[in-house]
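I have placed the structure first, in the form of structure tokens, so that the comments after it can refer back to it.
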Amino acid sequence: MTKRPINGTELFVETVGSGPPLLMLHGGLGLDHTSFRPYFDQLGDQATVVYYDHRGNGRSQRLANYETELTFDNLVADAIGVLDDAGIGQATLLGHSYGGFVAQLVAIAHPDRLSGLVLVDTVPAFDYEPALSGSDEQLATFGQVLSGAATDDESWKQMWATIWPLYFHTYNPDDAARIHAGTHYNADAWNRSAALLGAFNTLEQLPAMHVPTLAVAGQHDFITPPEPGATRLQALLPNAELAIFAHSGHYPFMEEEPTFFARLRAFLDTLN
């Protein structure tokens, strides 16, 4: 584990395994890559799995000004910078949730750097209303989260702990406790992430992108459901496959781990 000077900041980068590179883009923002571990480590026998925390997130360097420094342009440049720093010419990108937004933009701007693309529980535009249900406390907290009410890292951590069960079809409190304990929370990054989403829309660009893609969704994901998410991505992208996991919410790699990784391995095999 190390921090690397990349694109005018320091990014926390970790690498597992050997083989064709797989660059992992975590969700959030305001979180880090902890939710990927140890699940994706098992791919180390098939790929070089490269994890990093987005700029200003997790263990990466804090930013002096999140409004000016945490932008989609910089997030895209950071992903390419991680590849350049590691001497990687081409890689498969896997973006989960918010990381999927960044992965789409990387693929559009730098298709020559991608051998493949995996989009997990993400969307090409937030042009729909999520169908949310939960306890009164969860619904109230979710509203606070969307309004940018996370005033500091600890309050953001507590908010996320309250609403995170909503993102699962079957919530495992033991896994959640482990991930919560390892995650470095950042309220400034989360509050900035919502502002960035207003301008995010790849609907027009995706039909011109021919990178082999696997579009994934959990059937019970309320925040990025299959219909506006993976199903629409598969329809827009000329060279895309679709995988819907019937017993998962926003984290199929946790909830249906064996099935998810069998499908992902099969897709990665087609790229090499």
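Residues in the structure tokens are named by chain (A, B, ... in the order shown) and by number from 1 within that chain; ligands are numbered from 1 in the order shown.
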Please extract the residues of region 67-113 of chain A with a backbone DSSP assignment of strand (DSSP E) and present them as a compact mmCIF listing (two decimals) with N, CA and C atoms, in the first residue's frame.
```
# COMPACT_ATOMS: atom_id res chain seq x y z
N ALA A 91 -6.18 -1.39 -19.83
CA ALA A 91 -6.73 -2.11 -18.68
C ALA A 91 -8.22 -2.28 -18.87
N THR A 92 -8.76 -3.24 -18.16
CA THR A 92 -10.21 -3.31 -17.99
C THR A 92 -10.56 -2.44 -16.79
N LEU A 93 -11.59 -1.61 -16.95
CA LEU A 93 -12.07 -0.76 -15.86
C LEU A 93 -13.32 -1.39 -15.27
N LEU A 94 -13.37 -1.43 -13.93
CA LEU A 94 -14.59 -1.83 -13.25
C LEU A 94 -15.02 -0.68 -12.36
N GLY A 95 -16.19 -0.13 -12.65
CA GLY A 95 -16.72 0.96 -11.87
C GLY A 95 -18.01 0.56 -11.19
N HIS A 96 -18.07 0.74 -9.87
CA HIS A 96 -19.27 0.43 -9.10
C HIS A 96 -19.94 1.72 -8.66
```
Name all residues at most 6 Å from Gly58 (chain A) (count only C-alpha atoms; drop same-chain ones fewer than 6 positions away) and give them as a list in words.
Leu31, Asp32 and His184 of chain A
Counting only C-alpha atoms, the option among A:Asn172, A:Thr162, A:Ser115, A:Gln234 closest to Gln138 (chain A)
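Looking at the shortest contact to Gln138 (chain A), the residue is A:Thr162.
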Provide the CA of Leu29 (chain A) to CA of Ala189 (chain A) distance in Å, to one decimal place.
5.7 Å
Shortest interatomic distance to Gly116 (chain A) - which of A:Leu70, A:Leu203, A:Ala262, A:Leu214, counting only C-alpha atoms
A:Leu214
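The nearest approach to Ser155 (chain A) among the residues A:Ala266, A:Ala195, A:Ala187, A:Leu25, with only C-alpha atoms taken into account, belongs to A:Ala187.
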Using DSSP secondary structure from the backbone, list all helix (DSSP H, G or I) positions within region 158-248 of chain A, as a ChimeraX atom specification.
/A:158-167,173-182,187-197,206-208,230-236
Can you write just those residues out, C-alpha atoms, as a CSV table (one decimal), in the first residue's frame?
```csv
chain,number,residue,atom,x,y,z
A,158,GLN,CA,-23.2,7.7,11.2
A,159,MET,CA,-25.6,8.7,8.4
A,160,TRP,CA,-24.2,6.2,6.1
A,161,ALA,CA,-24.4,3.4,8.7
A,162,THR,CA,-28.1,4.2,9.1
A,163,ILE,CA,-29.0,4.2,5.4
A,164,TRP,CA,-26.6,1.5,4.1
A,165,PRO,CA,-29.0,-1.4,4.9
A,166,LEU,CA,-31.3,0.1,2.3
A,167,TYR,CA,-28.8,-0.8,-0.4
A,173,PRO,CA,-24.5,-6.9,9.7
A,174,ASP,CA,-21.2,-8.7,10.3
A,175,ASP,CA,-19.9,-7.8,6.8
A,176,ALA,CA,-21.2,-4.3,7.2
A,177,ALA,CA,-19.4,-3.8,10.6
A,178,ARG,CA,-16.1,-5.0,9.1
A,179,ILE,CA,-16.5,-2.6,6.1
A,180,HIS,CA,-17.6,0.3,8.3
A,181,ALA,CA,-14.6,-0.2,10.5
A,182,GLY,CA,-12.1,-0.1,7.6
A,187,ALA,CA,-18.1,14.4,4.4
A,188,ASP,CA,-16.6,17.1,2.0
A,189,ALA,CA,-16.2,14.5,-0.8
A,190,TRP,CA,-19.8,13.2,-0.3
A,191,ASN,CA,-21.3,16.7,-0.3
A,192,ARG,CA,-19.4,17.6,-3.5
A,193,SER,CA,-20.5,14.4,-5.2
A,194,ALA,CA,-24.2,15.3,-5.3
A,195,ALA,CA,-23.4,18.7,-7.0
A,196,LEU,CA,-21.4,16.9,-9.7
A,197,LEU,CA,-24.3,14.6,-10.6
A,206,LEU,CA,-22.4,5.8,-25.2
A,207,PRO,CA,-23.7,4.6,-28.6
A,208,ALA,CA,-20.3,5.5,-30.2
A,230,ALA,CA,-27.7,-1.8,-16.6
A,231,THR,CA,-30.6,-2.6,-18.9
A,232,ARG,CA,-30.4,0.9,-20.5
A,233,LEU,CA,-26.6,0.8,-20.6
A,234,GLN,CA,-26.7,-2.6,-22.5
A,235,ALA,CA,-29.2,-1.1,-25.0
A,236,LEU,CA,-27.1,2.0,-25.6
```
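Counting only C-alpha atoms, the residue from A:Glu255, A:Ala217, A:Leu117, A:Phe267 that sits nearest to Leu237 (chain A) is A:Leu117.
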Env of Phe245 (chain A): 12 Å cut, atoms = only C-alpha atoms, seq-sep filter 6 positions within chain, self excluded. Answer as a ChimeraX atom specification.
/A:120-121,169,215-221,225-226,230,251-261,263
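With only C-alpha atoms as the basis for measurement, A:Gly30 is the residue among A:Gly17, A:Gly30, A:Gly229, A:Gly100 that approaches Glu154 (chain A) most closely.
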Quick one: distance from CA of Gln61 (chain A) to CA of Phe36 (chain A) in Å, one decimal?
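CA of Phe36 (chain A) lies 19.9 Å from CA of Gln61 (chain A).
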Quick one: of A:Ile6, A:Ala199, A:Val49, A:Leu146, who's nearest to Ser18 (chain A), counting only C-alpha atoms?
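The shortest atom-to-atom distance to Ser18 (chain A) comes from A:Val49.
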Between CA of Glu67 (chain A) and CA of Ala131 (chain A), what is the spacing in Å?
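These two atoms are separated by 29.3 Å.
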Identify, on the basis of only C-alpha atoms, every residue whose closest approach to Asp45 (chain A) does not exceed 12 Å; exclude the query and any residue fewer than 6 positions from it along the same chain; express the result as a PDB file with N, CA and C atoms, in the first residue's frame.
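File around-v4.pdb, as written:
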```
ATOM      1  N   VAL A  16      -3.117  -6.177  -6.193  1.00  0.00           N
ATOM      2  CA  VAL A  16      -3.206  -7.579  -5.800  1.00  0.00           C
ATOM      3  C   VAL A  16      -3.126  -8.448  -7.048  1.00  0.00           C
ATOM      4  N   GLY A  17      -2.334  -9.516  -6.992  1.00  0.00           N
ATOM      5  CA  GLY A  17      -2.334 -10.520  -8.047  1.00  0.00           C
ATOM      6  C   GLY A  17      -1.446 -10.190  -9.224  1.00  0.00           C
ATOM      7  N   SER A  18      -1.637 -10.968 -10.295  1.00  0.00           N
ATOM      8  CA  SER A  18      -0.868 -10.789 -11.518  1.00  0.00           C
ATOM      9  C   SER A  18      -1.722 -11.196 -12.707  1.00  0.00           C
ATOM     10  N   GLY A  19      -1.376 -10.632 -13.850  1.00  0.00           N
ATOM     11  CA  GLY A  19      -2.131 -10.907 -15.060  1.00  0.00           C
ATOM     12  C   GLY A  19      -2.609  -9.604 -15.688  1.00  0.00           C
ATOM     13  N   PRO A  20      -3.527  -9.662 -16.657  1.00  0.00           N
ATOM     14  CA  PRO A  20      -4.040  -8.447 -17.290  1.00  0.00           C
ATOM     15  C   PRO A  20      -4.630  -7.502 -16.250  1.00  0.00           C
ATOM     16  N   PRO A  21      -4.350  -6.207 -16.353  1.00  0.00           N
ATOM     17  CA  PRO A  21      -4.765  -5.267 -15.301  1.00  0.00           C
ATOM     18  C   PRO A  21      -6.264  -5.012 -15.280  1.00  0.00           C
ATOM     19  N   LEU A  22      -6.790  -4.925 -14.044  1.00  0.00           N
ATOM     20  CA  LEU A  22      -8.187  -4.597 -13.790  1.00  0.00           C
ATOM     21  C   LEU A  22      -8.191  -3.422 -12.821  1.00  0.00           C
ATOM     22  N   ARG A 265     -15.609 -13.547 -14.221  1.00  0.00           N
ATOM     23  CA  ARG A 265     -14.458 -14.281 -14.748  1.00  0.00           C
ATOM     24  C   ARG A 265     -14.692 -14.688 -16.208  1.00  0.00           C
TER      25      ARG A 265
END
```
